[in-house]
Amino acid sequence: MSLRSAPDVDRGLVIRTPERPEPGFWVGAPAVLVDGDRFWLTYRERRPRGAAPERGWRCAIAISEDGARFDDVWEVRKDQLETDSMERFCLSSTLDGFRLFLSFADPADNRWRIDAVDASDPARFDVATRRPVLTAASTGTEGVKDPVLFFDRPAGVEHLFASFAAARRDLPAAAHATADIYNVGATTHPTGLATRSAGDPGFTWQGEVLAVGDDWDRFQARLGSVVAVDNRWIGTYDGSASHEENYEERCGLAVSSDLRRWERRTPAGPWITGPGPTGSVRYVDMHRIDGAWWFWAEVTRPDGAHELRVVPGSA
């Protein structure tokens, strides 16, 4: 593995700032598609409960030529999905254009789900045409969200990684009442995998691939990016010790030899921490571009708000 040190997010370039310099106001959950000489960024804006429209209220797609200066080309607001909240989206390219994976709380049962929508151009997505990809029912979980797509081209297989709320028979009846199973401490949140080969009508759920740990990441281990390096795969993941650290996760590092079994390389502590009171750096999307490492991340600031940063071209 050629990553010698963690990126210095303190020196990262700020891409987007929150609406207010206060806790609960966030902009982040980045996912970046590098498409030739263009960078496509999806990101999410959130407000605290009580600040309408509260929680994840807006997601957007932006374009850039340098990976740091982005212009919005598309947006969706949570009322268009009739949802209480949205989280990380993920954009991919297809033979006919682009596919957007949406992560939001299902208005029918408050459980998180992932849908997809296609368009010829990222500025033309119509969420009214979305279709289900992964749901609590189809995965046998309490909810699934935060998609990360990796296409293994030699094998011809799409890998869709997602954070899920592990099923429990004794789950309290009110666990989904807030539409945020991830914040009630009723279950753990490892990463699962769904795969799709050429010709398959949809993704098939394969189950857990990155388990929670025993220490700082014993409550959540959410894979955030996947990069192929030297016949292996390196991934960043968000870890937390309990639901009290939900929303303030820190970043760990994991490796895999087959994309199905992941080994944490940072069991004793986070790989990346930030300047805020919690040290949170989350949703780290890591890319290898022309021999240099790039990192996009949501970072907690000293005032408690979250902003979106990029650390470009780290050797």
# chains A, B, ... in the order shown; residues from 1 in each chain; ligands from 1

call {"tool": "closest_atom_pairs", "arguments": {"of": "stretch 39-129 of chain A", "to": "stretch 178-201 of chain A", "cutoff": "9 Å", "atoms": "only C-alpha atoms", "output": "CSV"}}
result
residue,atom,partner,partner_atom,distance
A:Asp84,CA,A:Ala179,CA,6.9
A:Ser85,CA,A:Ala179,CA,8.0
A:Ala105,CA,A:Ala179,CA,6.4
A:Asp106,CA,A:Ala179,CA,8.3
A:Pro107,CA,A:Ala179,CA,8.7
A:Asp109,CA,A:Ala179,CA,8.1
A:Asn110,CA,A:Ala179,CA,4.4
A:Arg111,CA,A:Ala179,CA,6.4
A:Trp112,CA,A:Ala179,CA,7.8

call {"tool": "write_last_selection", "arguments": {"atoms": "C-alpha atoms", "output": "PDB file, in the first residue's frame"}}
result
ATOM      1  CA  ASP A  84     -37.717  13.439   6.197  1.00  0.00           C
ATOM      2  CA  SER A  85     -34.051  13.483   5.170  1.00  0.00           C
ATOM      3  CA  ALA A 105     -35.487   7.929   4.442  1.00  0.00           C
ATOM      4  CA  ASP A 106     -38.414   6.012   2.958  1.00  0.00           C
ATOM      5  CA  PRO A 107     -41.610   8.050   3.520  1.00  0.00           C
ATOM      6  CA  ASP A 109     -41.776   3.363   6.906  1.00  0.00           C
ATOM      7  CA  ASN A 110     -38.937   5.763   7.906  1.00  0.00           C
ATOM      8  CA  ARG A 111     -36.289   3.201   6.941  1.00  0.00           C
ATOM      9  CA  TRP A 112     -33.363   4.360   4.830  1.00  0.00           C
TER      10      TRP A 112
END

call {"tool": "residues_around", "arguments": {"residues": "A:Ala254", "least_positions_apart": "5", "cutoff": "9 Å", "atoms": "only C-alpha atoms", "output": "PyMOL selection string"}}
result
chain A and resi 210+223+233-237+262-266

call {"tool": "write_last_selection", "arguments": {"atoms": "N, CA and C atoms", "output": "PDB file, in the first residue's frame"}}
result
ATOM      1  N   LEU A 210     -17.681  -5.310   5.644  1.00  0.00           N
ATOM      2  CA  LEU A 210     -16.809  -4.597   6.586  1.00  0.00           C
ATOM      3  C   LEU A 210     -17.548  -4.493   7.912  1.00  0.00           C
ATOM      4  N   LEU A 223     -18.001   2.278   4.813  1.00  0.00           N
ATOM      5  CA  LEU A 223     -17.042   2.456   3.734  1.00  0.00           C
ATOM      6  C   LEU A 223     -17.411   3.690   2.915  1.00  0.00           C
ATOM      7  N   TRP A 233      -7.356  -3.494  -3.040  1.00  0.00           N
ATOM      8  CA  TRP A 233      -8.226  -2.335  -2.957  1.00  0.00           C
ATOM      9  C   TRP A 233      -8.055  -1.675  -1.602  1.00  0.00           C
ATOM     10  N   ILE A 234      -7.988  -0.356  -1.624  1.00  0.00           N
ATOM     11  CA  ILE A 234      -7.880   0.437  -0.402  1.00  0.00           C
ATOM     12  C   ILE A 234      -9.172   1.219  -0.237  1.00  0.00           C
ATOM     13  N   GLY A 235      -9.667   1.291   0.985  1.00  0.00           N
ATOM     14  CA  GLY A 235     -10.894   2.030   1.242  1.00  0.00           C
ATOM     15  C   GLY A 235     -10.786   2.907   2.470  1.00  0.00           C
ATOM     16  N   THR A 236     -11.479   4.025   2.449  1.00  0.00           N
ATOM     17  CA  THR A 236     -11.665   4.829   3.653  1.00  0.00           C
ATOM     18  C   THR A 236     -13.004   4.454   4.267  1.00  0.00           C
ATOM     19  N   TYR A 237     -13.107   4.559   5.585  1.00  0.00           N
ATOM     20  CA  TYR A 237     -14.389   4.282   6.225  1.00  0.00           C
ATOM     21  C   TYR A 237     -14.603   5.192   7.418  1.00  0.00           C
ATOM     22  N   TRP A 262     -13.088  -7.180   3.917  1.00  0.00           N
ATOM     23  CA  TRP A 262     -12.288  -5.993   4.191  1.00  0.00           C
ATOM     24  C   TRP A 262     -11.646  -6.094   5.568  1.00  0.00           C
ATOM     25  N   GLU A 263     -10.389  -5.690   5.645  1.00  0.00           N
ATOM     26  CA  GLU A 263      -9.625  -5.712   6.895  1.00  0.00           C
ATOM     27  C   GLU A 263      -9.300  -4.280   7.311  1.00  0.00           C
ATOM     28  N   ARG A 264      -9.674  -3.922   8.518  1.00  0.00           N
ATOM     29  CA  ARG A 264      -9.358  -2.583   9.016  1.00  0.00           C
ATOM     30  C   ARG A 264      -7.860  -2.478   9.297  1.00  0.00           C
ATOM     31  N   ARG A 265      -7.239  -1.413   8.849  1.00  0.00           N
ATOM     32  CA  ARG A 265      -5.822  -1.173   9.078  1.00  0.00           C
ATOM     33  C   ARG A 265      -5.580  -0.145  10.171  1.00  0.00           C
ATOM     34  N   THR A 266      -6.647   0.371  10.754  1.00  0.00           N
ATOM     35  CA  THR A 266      -6.518   1.384  11.810  1.00  0.00           C
ATOM     36  C   THR A 266      -7.364   0.970  13.022  1.00  0.00           C
TER      37      THR A 266
END

call {"tool": "atom_distance", "arguments": {"atom1": "atom CA of A:Glu298", "atom2": "atom CA of A:Asp230"}}
result
27.8 Å

call {"tool": "residues_around", "arguments": {"residues": "stretch 141-150 of chain A", "least_positions_apart": "6", "cutoff": "9 Å", "atoms": "only C-alpha atoms", "output": "JSON, numbers by chain"}}
result
{"A": [29, 31, 87, 88, 89, 90, 91, 92, 101, 102, 103, 104, 105, 110, 111, 112, 113, 114, 134, 135, 157, 158, 159, 160, 161, 162, 163, 164, 165, 166, 167, 168, 176, 181, 182, 187, 192, 222, 223, 224, 225, 226, 227]}

call {"tool": "closest_residue", "arguments": {"among": "A:Gly67, A:Pro53, A:Ala175, A:Cys59", "to": "A:Trp296", "atoms": "only C-alpha atoms"}}
result
A:Gly67

call {"tool": "atom_distance", "arguments": {"atom1": "atom CA of A:His306", "atom2": "atom CA of A:Asp72"}}
result
19.0 Å

call {"tool": "closest_residue", "arguments": {"among": "A:Leu95, A:Ala241, A:Ala108, A:Ala62", "to": "A:Thr83", "atoms": "only C-alpha atoms"}}
result
A:Ala108

call {"tool": "atom_distance", "arguments": {"atom1": "atom CA of A:Val299", "atom2": "atom CA of A:Pro48"}}
result
16.4 Å

call {"tool": "select_by_dssp", "arguments": {"residues": "stretch 106-299 of chain A", "states": "strand (DSSP E or B)", "output": "MDAnalysis selection string"}}
result
chainID A and resid 112:119 131:134 144:152 157:164 189 191:197 204:210 220:229 232:240 250:256 262:264 272 281:289 292:299

call {"tool": "residues_around", "arguments": {"residues": "A:Ala116", "least_positions_apart": "2", "cutoff": "7 Å", "atoms": "only C-alpha atoms", "output": "JSON, numbers by chain"}}
result
{"A": [99, 100, 101, 102, 114, 118, 130, 131, 132, 133]}

call {"tool": "select_by_dssp", "arguments": {"residues": "stretch 123-192 of chain A", "states": "alpha helix (DSSP H)", "output": "list in words"}}
result
Ala136, Ala137, Ser138 and Thr139 of chain A

call {"tool": "residues_around", "arguments": {"residues": "A:Leu41", "least_positions_apart": "5", "cutoff": "7 Å", "atoms": "only C-alpha atoms", "output": "list in words"}}
result
Pro30, Ala31, Val32, Leu33, Ile61, Ala62 and Ile63 of chain A

call {"tool": "closest_residue", "arguments": {"among": "A:Asp126, A:Asp290, A:Glu245, A:Asp71", "to": "A:Tyr43", "atoms": "only C-alpha atoms"}}
result
A:Asp71
